[in-house]
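Text of target.txt (compact mmCIF, C-alpha atoms) as supplied:
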# COMPACT_ATOMS: atom_id res chain seq x y z
CA MET A 1 8.38 20.53 -19.73
CA LEU A 2 7.87 20.28 -15.98
CA LEU A 3 5.99 17.25 -14.68
CA LYS A 4 3.62 18.25 -11.89
CA GLN A 5 1.49 15.17 -11.25
CA GLU A 6 1.31 11.49 -11.98
CA ALA A 7 -0.46 10.72 -15.24
CA LEU A 8 -1.63 7.75 -17.27
CA ALA A 9 -2.15 7.26 -20.98
CA GLY A 10 -3.16 4.39 -23.22
CA THR A 11 -4.62 0.99 -22.46
CA LEU A 12 -3.46 -2.59 -21.98
CA GLU A 13 -5.21 -3.72 -25.12
CA SER A 14 -3.48 -5.38 -28.03
CA SER A 15 -1.54 -2.98 -30.32
CA ASP A 16 -1.64 -0.31 -27.64
CA LEU A 17 0.54 0.52 -24.69
CA PHE A 18 -0.11 1.70 -21.15
CA ILE A 19 2.05 4.49 -19.76
CA ARG A 20 2.39 5.70 -16.22
CA ILE A 21 4.54 8.79 -15.71
CA THR A 22 5.53 9.96 -12.23
CA PRO A 23 7.33 13.21 -11.42
CA SER A 24 10.53 13.02 -9.36
CA ASP A 25 13.74 14.93 -8.86
CA ASP A 26 15.87 12.05 -10.05
CA PRO A 27 17.14 11.71 -13.60
CA LEU A 28 14.74 10.15 -16.07
CA GLU A 29 14.10 6.45 -15.50
CA ILE A 30 12.32 4.49 -18.21
CA VAL A 31 11.07 0.97 -17.56
CA ILE A 32 9.72 -0.90 -20.56
CA GLU A 33 7.83 -4.17 -20.44
CA SER A 34 6.86 -5.64 -23.76
CA GLU A 35 5.86 -8.92 -25.30
CA VAL A 36 8.19 -8.02 -28.16
CA LEU A 37 11.02 -6.68 -26.03
CA HIS A 38 13.59 -8.98 -27.59
CA GLN A 39 12.85 -7.91 -31.15
CA PHE A 40 11.88 -4.27 -30.67
CA GLY A 41 12.97 -3.23 -27.16
CA LYS A 42 15.73 -0.96 -28.41
CA GLN A 43 13.49 0.64 -31.00
CA ILE A 44 10.71 1.29 -28.50
CA ARG A 45 13.15 2.87 -26.08
CA ALA A 46 14.67 5.05 -28.80
CA THR A 47 11.22 6.31 -29.80
CA VAL A 48 10.25 7.06 -26.20
CA GLU A 49 13.53 8.84 -25.50
CA GLU A 50 13.22 10.91 -28.64
CA VAL A 51 9.74 12.14 -27.72
CA LEU A 52 10.77 12.92 -24.15
CA ASP A 53 13.87 14.74 -25.36
CA HIS A 54 11.76 16.74 -27.78
CA LEU A 55 9.37 17.76 -24.99
CA GLY A 56 12.26 18.63 -22.68
CA VAL A 57 11.51 16.02 -20.03
CA THR A 58 14.67 15.21 -18.07
CA THR A 59 13.38 13.91 -14.71
CA GLY A 60 10.71 11.49 -13.53
CA THR A 61 9.83 7.84 -13.94
CA LEU A 62 8.12 6.35 -16.96
CA ILE A 63 6.68 2.85 -16.83
CA ILE A 64 5.51 1.38 -20.09
CA GLN A 65 3.52 -1.80 -20.66
CA ASP A 66 3.67 -2.35 -24.36
CA LYS A 67 1.22 -4.66 -26.06
CA GLY A 68 2.77 -4.49 -29.50
CA ALA A 69 2.06 -0.85 -30.35
CA LEU A 70 3.22 0.76 -33.57
CA ASP A 71 5.73 3.58 -33.52
CA CYS A 72 3.10 6.28 -34.10
CA THR A 73 0.98 4.94 -31.23
CA ILE A 74 3.96 5.01 -28.91
CA ARG A 75 4.67 8.64 -29.83
CA ALA A 76 1.06 9.70 -29.32
CA ARG A 77 0.74 7.95 -25.98
CA VAL A 78 4.02 9.33 -24.59
CA GLN A 79 3.02 12.82 -25.68
CA ALA A 80 -0.40 12.47 -24.06
CA ALA A 81 1.10 11.17 -20.81
CA VAL A 82 3.60 14.04 -20.62
CA MET A 83 0.94 16.66 -21.39
CA ARG A 84 -1.30 15.27 -18.66
CA ALA A 85 1.56 15.08 -16.17
CA ALA A 86 2.47 18.68 -16.94
CA GLY A 87 -1.16 19.77 -16.54
CA GLU A 88 -1.00 21.17 -20.06
CA THR A 89 -4.47 21.66 -21.52
CA THR A 90 -3.74 23.79 -24.54
CA LEU A 91 -1.72 21.84 -27.02
CA ASP A 92 1.09 23.36 -28.99
CA TRP A 93 0.78 21.23 -32.10
CA GLU A 94 4.05 22.58 -33.45
CA ALA A 95 5.90 21.21 -30.45
CA LEU A 96 4.32 17.79 -30.93
CA LYS A 97 5.52 17.28 -34.47
CA MET B 1 -17.58 -7.81 -28.70
CA GLU B 2 -18.82 -4.45 -30.06
CA ASP B 3 -21.73 -4.44 -27.65
CA LEU B 4 -19.60 -4.44 -24.53
CA ASP B 5 -20.39 -1.55 -22.26
CA PHE B 6 -18.14 -0.51 -19.35
CA TYR B 7 -19.26 1.78 -16.54
CA THR B 8 -18.77 2.33 -12.82
CA VAL B 9 -21.09 1.36 -9.99
CA GLU B 10 -21.14 2.47 -6.36
CA PRO B 11 -22.51 -0.66 -4.75
CA ASP B 12 -23.62 1.04 -1.54
CA HIS B 13 -25.97 3.30 -3.48
CA GLU B 14 -27.13 1.06 -6.30
CA ASP B 15 -29.04 -1.91 -4.93
CA ALA B 16 -29.97 -3.59 -8.21
CA GLU B 17 -26.42 -3.41 -9.53
CA ARG B 18 -25.03 -4.67 -6.23
CA ARG B 19 -27.31 -7.71 -6.31
CA GLU B 20 -26.15 -8.54 -9.82
CA ILE B 21 -22.49 -8.10 -8.89
CA LYS B 22 -23.01 -10.46 -5.94
CA LYS B 23 -24.52 -13.02 -8.28
CA LEU B 24 -21.63 -12.72 -10.74
CA LEU B 25 -19.04 -13.10 -7.97
CA GLY B 26 -20.95 -16.10 -6.64
CA ALA B 27 -20.94 -17.71 -10.07
CA CYS B 28 -17.13 -17.34 -10.04
CA ASP B 29 -16.78 -18.81 -6.51
CA LEU B 30 -16.00 -15.45 -4.95
CA LEU B 31 -17.57 -13.76 -1.95
CA TYR B 32 -18.91 -10.24 -2.06
CA GLU B 33 -16.83 -8.18 0.37
CA GLN B 34 -18.14 -5.19 2.27
CA GLY B 35 -16.18 -1.96 1.95
CA ILE B 36 -15.62 -1.95 -1.79
CA GLU B 37 -16.41 1.62 -2.79
CA THR B 38 -16.57 1.32 -6.54
CA PHE B 39 -16.87 -1.38 -9.18
CA VAL B 40 -16.09 -1.22 -12.85
CA VAL B 41 -18.60 -3.53 -14.52
CA CYS B 42 -18.97 -4.78 -18.04
CA ARG B 43 -22.24 -5.68 -19.75
CA ASP B 44 -22.68 -7.56 -22.97
CA ARG B 45 -26.02 -6.13 -24.05
CA ASP B 46 -28.08 -6.73 -20.89
CA ARG B 47 -25.94 -9.32 -19.25
CA LEU B 48 -23.40 -8.51 -16.54
CA VAL B 49 -20.28 -10.43 -17.62
CA ALA B 50 -17.37 -8.96 -15.64
CA CYS B 51 -16.58 -6.77 -12.66
CA ALA B 52 -13.61 -5.43 -10.71
CA GLY B 53 -13.86 -3.59 -7.39
CA LEU B 54 -11.75 -0.94 -5.74
CA GLN B 55 -11.31 -0.35 -2.04
CA GLN B 56 -9.01 2.64 -1.81
CA ASN B 57 -5.86 1.40 -3.55
CA VAL B 58 -6.62 -2.32 -3.39
CA ILE B 59 -8.36 -4.13 -6.24
CA LYS B 60 -10.89 -6.68 -5.03
CA GLY B 61 -13.69 -8.79 -6.36
CA VAL B 62 -12.43 -9.37 -9.89
CA ALA B 63 -14.69 -11.77 -11.77
CA ILE B 64 -15.14 -12.58 -15.44
CA LEU B 65 -17.61 -15.15 -16.77
CA PRO B 66 -15.70 -18.17 -18.13
CA GLU B 67 -16.67 -17.65 -21.77
CA TYR B 68 -15.25 -14.09 -21.69
CA ARG B 69 -11.90 -15.01 -20.15
CA GLY B 70 -8.78 -14.67 -22.25
CA THR B 71 -10.40 -12.02 -24.44
CA ALA B 72 -9.56 -8.33 -24.71
CA LEU B 73 -12.31 -7.69 -22.16
CA SER B 74 -10.04 -8.54 -19.25
CA LEU B 75 -7.40 -6.02 -20.32
CA THR B 76 -10.00 -3.30 -20.80
CA LEU B 77 -11.40 -4.09 -17.36
CA VAL B 78 -7.99 -3.66 -15.71
CA SER B 79 -7.23 -0.49 -17.73
CA GLU B 80 -10.58 0.96 -16.64
CA ILE B 81 -10.06 0.17 -12.98
CA THR B 82 -6.56 1.71 -13.13
CA TYR B 83 -7.96 4.97 -14.55
CA LEU B 84 -10.71 4.94 -11.96
CA ALA B 85 -8.20 4.54 -9.11
CA HIS B 86 -6.05 7.27 -10.64
CA SER B 87 -9.03 9.64 -10.69
CA HIS B 88 -9.46 8.90 -6.97
CA GLY B 89 -5.82 9.85 -6.39
CA TYR B 90 -4.35 6.37 -6.02
CA ALA B 91 -1.17 5.75 -7.99
CA THR B 92 0.09 2.35 -6.93
CA LEU B 93 -2.55 -0.37 -6.88
CA PHE B 94 -2.41 -3.68 -5.06
CA VAL B 95 -4.25 -6.89 -5.68
CA TYR B 96 -4.65 -10.07 -3.67
CA THR B 97 -5.15 -13.15 -5.75
CA GLU B 98 -4.88 -16.90 -5.56
CA PRO B 99 -1.53 -18.12 -6.91
CA LYS B 100 -3.30 -19.81 -9.84
CA ASN B 101 -4.70 -16.45 -11.00
CA ALA B 102 -1.46 -14.49 -10.57
CA GLU B 103 -0.54 -15.07 -14.21
CA PHE B 104 -3.63 -13.15 -15.34
CA PHE B 105 -2.57 -10.09 -13.37
CA ARG B 106 1.03 -10.42 -14.55
CA GLY B 107 -0.34 -9.99 -18.05
CA CYS B 108 -2.03 -6.78 -16.92
CA GLY B 109 1.09 -5.11 -15.58
CA PHE B 110 1.10 -6.43 -12.02
CA TYR B 111 4.21 -7.72 -10.30
CA ASP B 112 4.55 -10.20 -7.43
CA LEU B 113 5.37 -8.74 -4.05
CA VAL B 114 4.98 -11.74 -1.81
CA GLU B 115 3.30 -15.14 -1.70
CA MET B 116 1.80 -16.94 1.23
CA PRO B 117 2.47 -20.42 -0.17
CA ASP B 118 -0.57 -22.04 -1.81
CA THR B 119 -2.90 -19.38 -0.43
CA VAL B 120 -2.55 -15.85 -1.69
CA VAL B 121 -0.23 -13.59 -3.68
CA LEU B 122 0.03 -9.84 -3.14
CA MET B 123 0.92 -7.91 -6.29
CA GLU B 124 1.43 -4.25 -7.21
CA ASN B 125 1.05 -2.57 -10.56
CA THR B 126 4.55 -1.22 -10.90
CA PRO B 127 7.81 -3.04 -11.56
CA ILE B 128 9.81 -0.57 -9.47
CA GLY B 129 7.62 0.20 -6.42
CA ILE B 130 9.09 -2.04 -3.76
CA LYS B 131 12.50 -1.94 -5.43
CA SER B 132 12.88 1.82 -5.21
CA TYR B 133 11.45 1.81 -1.68
CA CYS B 134 14.10 -0.70 -0.57
CA LYS B 135 16.78 1.33 -2.32
CA GLN B 136 15.74 4.33 -0.22
CA LEU B 137 15.87 2.20 2.92
CA GLN B 138 19.35 0.93 2.11
CA LYS B 139 20.69 4.46 2.52
CA HIS B 140 19.90 4.12 6.24
CA ARG B 141 21.57 0.76 6.64
CA VAL B 142 23.87 0.46 9.64
CA GLU B 143 26.12 -2.59 9.81
CA GLY B 144 26.13 -4.61 13.02
CA GLU B 145 25.65 -8.07 14.41
CA LYS B 146 22.26 -7.40 15.90
CA ILE B 147 20.03 -4.97 14.03
CA GLY B 148 16.58 -4.51 15.53
CA CYS B 149 13.29 -3.15 14.34
CA VAL B 150 10.10 -1.90 15.97
CA VAL B 151 6.96 -1.05 14.00
CA ALA B 152 4.56 1.09 15.98
CA ASN B 153 1.30 2.89 15.42
CA ALA B 154 1.66 4.69 18.77
CA ASN B 155 -1.81 6.13 18.85
CA PRO B 156 -0.60 8.02 20.92
CA PHE B 157 3.00 7.50 22.07
CA THR B 158 3.01 6.33 25.73
CA TYR B 159 5.61 5.44 28.35
CA GLY B 160 4.98 1.90 27.14
CA HIS B 161 6.34 2.74 23.68
CA ARG B 162 9.29 4.57 25.22
CA TYR B 163 10.09 1.54 27.35
CA LEU B 164 9.81 -0.88 24.42
CA VAL B 165 12.05 1.26 22.22
CA GLU B 166 14.59 1.77 25.01
CA GLN B 167 14.80 -1.92 25.82
CA ALA B 168 15.05 -2.87 22.17
CA ALA B 169 17.78 -0.29 21.51
CA LYS B 170 19.76 -1.56 24.50
CA ALA B 171 19.60 -5.10 23.15
CA CYS B 172 20.86 -4.16 19.66
CA ASP B 173 23.71 -2.55 17.84
CA TRP B 174 21.19 -0.39 16.00
CA LEU B 175 17.41 -0.02 16.08
CA HIS B 176 15.08 1.02 13.26
CA LEU B 177 11.74 2.43 14.40
CA PHE B 178 8.93 2.67 11.84
CA MET B 179 5.75 4.64 12.35
CA VAL B 180 2.63 3.17 10.76
CA ARG B 181 1.71 5.55 7.96
CA GLU B 182 -2.01 5.00 7.43
CA ASP B 183 -4.04 7.93 8.62
CA VAL B 184 -7.02 6.17 10.12
CA SER B 185 -6.25 6.46 13.82
CA LEU B 186 -7.48 9.11 16.25
CA PHE B 187 -4.03 10.67 16.22
CA SER B 188 -2.97 11.81 12.78
CA TYR B 189 0.14 10.33 11.19
CA GLN B 190 1.82 13.71 11.37
CA ASP B 191 1.17 13.98 15.11
CA ARG B 192 2.18 10.38 15.79
CA TYR B 193 5.43 10.92 13.90
CA TYR B 194 6.10 14.18 15.72
CA LEU B 195 5.52 12.53 19.11
CA ALA B 196 7.85 9.68 18.19
CA GLU B 197 10.53 12.22 17.27
CA GLU B 198 10.11 14.01 20.60
CA ASN B 199 9.92 10.89 22.70
CA ILE B 200 12.95 9.01 21.39
CA LEU B 201 15.39 11.79 22.22
CA GLY B 202 18.41 10.50 24.07
CA ILE B 203 18.48 7.07 22.46
CA PRO B 204 21.74 7.17 20.50
CA ASN B 205 21.52 4.07 18.29
CA LEU B 206 18.18 4.60 16.62
CA THR B 207 16.80 5.69 13.24
CA LEU B 208 13.19 6.83 13.02
CA HIS B 209 11.58 6.01 9.67
CA PRO B 210 8.36 7.16 8.10
CA GLY B 211 6.05 4.21 7.45
CA SER B 212 4.99 3.15 3.99
CA GLN B 213 2.31 1.29 2.14
CA TYR B 214 4.51 -1.81 2.34
CA MET B 215 4.16 -2.31 6.09
CA VAL B 216 1.09 -2.44 8.35
CA SER B 217 -0.89 -0.62 5.69
CA ARG B 218 -4.32 -0.99 4.15
CA ALA B 219 -2.64 -2.88 1.37
CA THR B 220 -0.61 -5.34 3.43
CA PHE B 221 -2.73 -5.69 6.56
CA SER B 222 -6.18 -4.28 5.98
CA CYS B 223 -7.89 -5.79 8.99
CA TYR B 224 -5.63 -3.97 11.44
CA PHE B 225 -7.55 -0.83 10.59
CA LEU B 226 -10.88 -2.50 11.24
CA LYS B 227 -9.99 -3.65 14.73
CA ASP B 228 -11.89 -0.86 16.43
CA GLN B 229 -14.99 -2.15 14.68
CA GLY B 230 -14.40 -5.54 16.26
CA ILE B 231 -13.75 -7.25 12.95
CA VAL B 232 -10.83 -9.58 13.37
CA GLY B 233 -11.82 -12.61 11.40
CA LYS B 234 -9.39 -14.24 9.05
CA CYS B 235 -6.46 -11.90 8.70
CA HIS B 236 -3.74 -12.16 6.15
CA THR B 237 -1.12 -11.17 8.69
CA ALA B 238 1.21 -13.49 6.81
CA VAL B 239 1.35 -11.15 3.82
CA ASP B 240 2.43 -8.19 5.92
CA LEU B 241 4.98 -10.26 7.82
CA LEU B 242 6.46 -11.86 4.71
CA MET B 243 6.75 -8.42 3.09
CA PHE B 244 8.81 -7.44 6.10
CA ARG B 245 10.92 -10.59 6.01
CA ASN B 246 11.57 -10.64 2.26
CA HIS B 247 11.93 -6.97 1.39
CA ILE B 248 12.27 -4.56 4.30
CA ALA B 249 14.46 -6.58 6.66
CA PRO B 250 17.07 -7.50 3.99
CA ALA B 251 17.29 -3.86 2.84
CA LEU B 252 18.24 -2.71 6.34
CA GLY B 253 19.98 -5.90 7.47
CA ILE B 254 17.41 -6.38 10.24
CA THR B 255 17.96 -9.51 12.35
CA HIS B 256 15.50 -8.99 15.21
CA ARG B 257 11.98 -7.66 15.49
CA PHE B 258 10.80 -6.39 18.86
CA VAL B 259 7.21 -6.26 20.04
CA GLY B 260 5.47 -5.46 23.28
CA THR B 261 3.29 -8.19 24.75
CA GLU B 262 -0.34 -7.44 23.98
CA PRO B 263 -2.78 -8.03 26.82
CA PHE B 264 -5.79 -6.14 25.41
CA CYS B 265 -6.20 -6.02 21.66
CA PRO B 266 -7.03 -9.36 19.97
CA THR B 267 -5.90 -8.21 16.50
CA THR B 268 -2.50 -7.05 17.71
CA ASN B 269 -2.22 -10.17 19.84
CA LYS B 270 -2.84 -12.38 16.81
CA TYR B 271 -0.34 -10.34 14.80
CA ASN B 272 2.29 -10.94 17.50
CA SER B 273 1.76 -14.68 17.63
CA ASP B 274 1.67 -14.93 13.81
CA MET B 275 5.00 -13.12 13.83
CA MET B 276 6.60 -16.13 15.49
CA VAL B 277 5.50 -18.29 12.59
CA TRP B 278 6.01 -16.08 9.53
CA LEU B 279 9.22 -14.38 10.60
CA GLN B 280 10.96 -17.25 12.38
CA ASP B 281 9.90 -20.52 10.79
CA GLU B 282 11.02 -21.98 7.51
CA VAL B 283 8.73 -20.58 4.78
CA ARG B 284 9.04 -21.73 1.19
CA GLY B 285 10.69 -19.09 -0.98
CA SER B 286 11.35 -16.71 1.89
CA GLY B 287 14.39 -14.84 3.14
CA PRO B 288 16.42 -15.62 6.25
CA ALA B 289 14.56 -15.90 9.54
CA ILE B 290 14.11 -12.83 11.74
CA LYS B 291 14.18 -13.43 15.46
CA VAL B 292 11.10 -12.16 17.29
CA VAL B 293 11.62 -10.76 20.77
CA GLU B 294 8.62 -10.08 22.96
CA ILE B 295 9.16 -7.50 25.66
CA PRO B 296 6.70 -7.46 28.57
CA ARG B 297 4.67 -4.27 28.76
CA THR B 298 5.70 -1.75 31.30
CA GLU B 299 3.09 -1.18 33.99
CA PHE B 300 1.72 1.66 36.04
CA ASN B 301 0.06 0.75 39.34
CA GLY B 302 -0.12 -2.88 38.31
CA THR B 303 -1.81 -2.32 34.92
CA ALA B 304 -0.03 -2.56 31.59
CA ILE B 305 0.26 0.81 29.87
CA SER B 306 -1.53 0.85 26.54
CA ALA B 307 -2.50 3.49 24.03
CA SER B 308 -6.08 2.24 23.91
CA GLU B 309 -6.31 2.87 27.68
CA VAL B 310 -5.05 6.42 27.10
CA ARG B 311 -7.70 6.98 24.41
CA ARG B 312 -10.39 5.66 26.75
CA HIS B 313 -9.39 8.16 29.44
CA LEU B 314 -9.29 10.88 26.81
CA TYR B 315 -12.83 10.14 25.71
CA GLU B 316 -13.91 10.22 29.35
CA GLY B 317 -12.22 13.59 29.76
CA ASP B 318 -10.03 12.11 32.48
CA LEU B 319 -6.71 13.88 31.84
CA ASP B 320 -5.38 13.19 35.33
CA SER B 321 -5.27 9.45 34.73
CA ILE B 322 -3.34 10.03 31.52
CA ARG B 323 -0.56 12.09 33.07
CA ASN B 324 1.19 9.01 34.46
CA LEU B 325 0.90 6.99 31.26
CA VAL B 326 2.45 9.28 28.66
CA PRO B 327 5.62 11.36 28.33
CA PRO B 328 5.32 15.17 28.67
CA ALA B 329 5.34 15.82 24.89
CA THR B 330 2.36 13.53 24.38
CA PHE B 331 0.53 14.99 27.34
CA GLU B 332 1.05 18.52 26.05
CA LEU B 333 -0.36 17.67 22.61
CA LEU B 334 -3.31 15.84 24.16
CA LYS B 335 -4.12 18.85 26.26
CA THR B 336 -3.74 21.48 23.56
CA LYS B 337 -5.31 19.67 20.63
CA TYR B 338 -7.00 16.37 21.27
CA VAL B 339 -9.20 17.20 24.26
CA ALA B 340 -11.05 19.68 22.05
CA LEU B 341 -11.02 17.32 19.08
CA VAL B 342 -12.56 14.48 21.08
CA ALA B 343 -15.16 16.84 22.55
CA GLN B 344 -16.10 17.87 19.01
CA GLN B 345 -16.61 14.26 18.02
CA GLY B 346 -19.10 14.05 20.86
Rewritten as structure tokens:
Amino acid sequence: MLLKQEALAGTLESSDLFIRITPSDDPLEIVIESEVLHQFGKQIRATVEEVLDHLGVTTGTLIIQDKGALDCTIRARVQAAVMRAAGETTLDWEALK
Amino acid sequence: MEDLDFYTVEPDHEDAERREIKKLLGACDLLYEQGIETFVVCRDRDRLVACAGLQQNVIKGVAILPEYRGTALSLTLVSEITYLAHSHGYATLFVYTEPKNAEFFRGCGFYDLVEMPDTVVLMENTPIGIKSYCKQLQKHRVEGEKIGCVVANANPFTYGHRYLVEQAAKACDWLHLFMVREDVSLFSYQDRYYLAEENILGIPNLTLHPGSQYMVSRATFSCYFLKDQGIVGKCHTAVDLLMFRNHIAPALGITHRFVGTEPFCPTTNKYNSDMMVWLQDEVRGSGPAIKVVEIPRTEFNGTAISASEVRRHLYEGDLDSIRNLVPPATFELLKTKYVALVAQQG
């Protein structure tokens, strides 16, 4: 999926995460800040990478401020951010599985 | 907490809301600043309990009543203001805050850029903003004993700028010239950059750089852009200068900063004299000192050449007086574009 514009998703509230995704020509860069980075940093990153891989995102910058979100929240927020950045308004639910 | 209501207010158009915001800021020992375009406010039933303002990409006037601090409200407030800024087209946000409140913003995804000790901290809401900017700059690094820098608005580029750049280049192994990026001057950024390109031809040891939001920008030095309105007041020139000293200069290995003496404009004059302090003196937590070199303005018929003088002649329709003050490329652009533009402005 081609990123066309900067997009945001989520909030800074507890159990949520805030994502900022910025298009660029450079290979994907993912920055994760989390209060539980030591325990779950690797897991969060793996989840994010999996969703991005699934959506075919290979370039751009993703900044994540995690406030202790669950796995399903992370997936939903990353998907939403990518969809917004791609300017995608009609959702292909199959692709989001 | 369920009764909290968040919405946006345009203070210039909503008198009752503005008065309440003023009162809230006052209760938190903050002053209401002119120029804030939008506030996100929070009400608990009828009571205004928190607000955060936005002036372009700078967050200002953040206040939360004491009993609501440390609750989820603050995080919602910052999320809301971030979405608001995004909807206005601003990606990176900056905030000025007292050092004692910096921790609050760190918890909301802001990162320290620079601190004027015991006074103010400038922060941005990305962990990689300044870092990736400096990484870009490093690609243009030239090694040498004496690496100079000039930051110019050049509104428009005159013989004075040419002289300053020439002298500075002669005095250095390499010179980096930055054009101020903000588009609030009579001459557009694009035109100012183009004129710089044209007018530095023949100087072999020079790199021309586009400006950025990290130098002489609304974010780092907001009052520079109010100078035509005569508002000088208390300027945080220190923040802009320390940004230069701690981030930009190290990335390019800059050892000297060159400026023209400033006989006319009080804001620029203050900026020049503050430069001596914030670039050269010992400052807690700051990078190595940068030597400031003031070069006397070049003159024509006994008067220092200045861009503001050129603009004055332009407004008077006096092209003949301009001819001797600016290089041919500038004169050509003035004639073909700006004479008509100024006439339109009336």
Chain A residues near chain B (12 Å cut-off, all atoms listed in the file) as an mmCIF file with C-alpha atoms, in the coordinates of the input:
data_model
loop_
_atom_site.group_PDB
_atom_site.id
_atom_site.type_symbol
_atom_site.label_atom_id
_atom_site.label_comp_id
_atom_site.auth_asym_id
_atom_site.auth_seq_id
_atom_site.Cartn_x
_atom_site.Cartn_y
_atom_site.Cartn_z
ATOM 1 C CA GLN A 5 1.490 15.170 -11.250
ATOM 2 C CA GLU A 6 1.310 11.490 -11.980
ATOM 3 C CA ALA A 7 -0.460 10.720 -15.240
ATOM 4 C CA LEU A 8 -1.630 7.750 -17.270
ATOM 5 C CA ALA A 9 -2.150 7.260 -20.980
ATOM 6 C CA GLY A 10 -3.160 4.390 -23.220
ATOM 7 C CA THR A 11 -4.620 0.990 -22.460
ATOM 8 C CA LEU A 12 -3.460 -2.590 -21.980
ATOM 9 C CA GLU A 13 -5.210 -3.720 -25.120
ATOM 10 C CA SER A 14 -3.480 -5.380 -28.030
ATOM 11 C CA SER A 15 -1.540 -2.980 -30.320
ATOM 12 C CA ASP A 16 -1.640 -0.310 -27.640
ATOM 13 C CA LEU A 17 0.540 0.520 -24.690
ATOM 14 C CA PHE A 18 -0.110 1.700 -21.150
ATOM 15 C CA ILE A 19 2.050 4.490 -19.760
ATOM 16 C CA ARG A 20 2.390 5.700 -16.220
ATOM 17 C CA ILE A 21 4.540 8.790 -15.710
ATOM 18 C CA THR A 22 5.530 9.960 -12.230
ATOM 19 C CA PRO A 23 7.330 13.210 -11.420
ATOM 20 C CA ASP A 26 15.870 12.050 -10.050
ATOM 21 C CA GLU A 29 14.100 6.450 -15.500
ATOM 22 C CA ILE A 30 12.320 4.490 -18.210
ATOM 23 C CA VAL A 31 11.070 0.970 -17.560
ATOM 24 C CA ILE A 32 9.720 -0.900 -20.560
ATOM 25 C CA GLU A 33 7.830 -4.170 -20.440
ATOM 26 C CA SER A 34 6.860 -5.640 -23.760
ATOM 27 C CA GLU A 35 5.860 -8.920 -25.300
ATOM 28 C CA THR A 61 9.830 7.840 -13.940
ATOM 29 C CA LEU A 62 8.120 6.350 -16.960
ATOM 30 C CA ILE A 63 6.680 2.850 -16.830
ATOM 31 C CA ILE A 64 5.510 1.380 -20.090
ATOM 32 C CA GLN A 65 3.520 -1.800 -20.660
ATOM 33 C CA ASP A 66 3.670 -2.350 -24.360
ATOM 34 C CA LYS A 67 1.220 -4.660 -26.060
#
(Q) Could you tell me how far CA of Asn125 (chain B) sits from CA of Tyr193 (chain B), in Å to one decimal place? (A) 28.3 Å
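Taking CA of Ala307 (chain B) as the reference point, CA of Asn155 (chain B) is found at 5.9 Å.
As for CA of Ala154 (chain B) and CA of Leu195 (chain B), they are spaced 8.7 Å apart.
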Q: Excluding Val216 (chain B) and residues on its chain fewer than 4 positions from it, collect all residues at most 12 Å away from it, counting all atoms listed in the file, and give them as JSON, numbers by chain.
A: {"B": [150, 151, 152, 153, 178, 179, 180, 181, 182, 183, 184, 211, 212, 220, 221, 222, 223, 224, 225, 236, 237, 238, 239, 240, 241, 242, 243, 244, 268, 271]}
(Q) What's around Gly129 (chain B) at 12 Å? Count all atoms listed in the file, leave out sequence neighbours fewer than 5 positions away in its own chain, and write the answer as an MDAnalysis selection string. (A) (chainID A and resid 22 31 61 63) or (chainID B and resid 91:94 110:113 123:124 134:136 212:214 247)
(Q) For Leu3 (chain A), find every residue with an atom within 12 Å (counting all atoms listed in the file), except residues of its own chain fewer than 2 positions away, and show them as a list in words. (A) Met1, Gln5, Glu6, Ala7, Ile21, Thr22, Pro23, Ser24, Asp25, Leu28, Leu52, Leu55, Gly56, Val57, Thr58, Thr59, Gly60, Thr61, Leu62, Ala81, Val82, Met83, Arg84, Ala85, Ala86, Gly87 and Glu88 of chain A
Kindly compute an axis-aligned box around the listed atoms of region 20-24 of chain B, allowing 6 Å on each side, and express its centre and edge lengths in Å to one decimal as JSON.
{"center_x": -23.9, "center_y": -10.6, "center_z": -8.3, "size_x": 16.5, "size_y": 16.9, "size_z": 16.8}
(Q) When you count all atoms listed in the file, which of these residues is closest to Arg77 (chain A): A:Gln43, A:Val51, A:Lys4, A:His38? (A)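 Residue with the minimum atom-to-atom distance to Arg77 (chain A): A:Val51.
Considering all atoms listed in the file, the residue among B:Ile295, B:Leu341, B:Leu24, B:Ala168 positioned nearest to Pro66 (chain B) is B:Leu24.
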Q.
Every residue with an atom at most 6 Å from (-16.5, -2.7, -18.3) (file coordinates; all atoms listed in the file) is what I'm after, so could you write them as an NGL selection string?
A. :B and (5-7 or 40-42 or 77)
Q: Give me the residues within 7 Å of Val49 (chain B) as a PyMOL selection string, counting all atoms listed in the file and dropping any in the same chain fewer than 2 places off.
A: chain B and resi 42-44+47+64-65
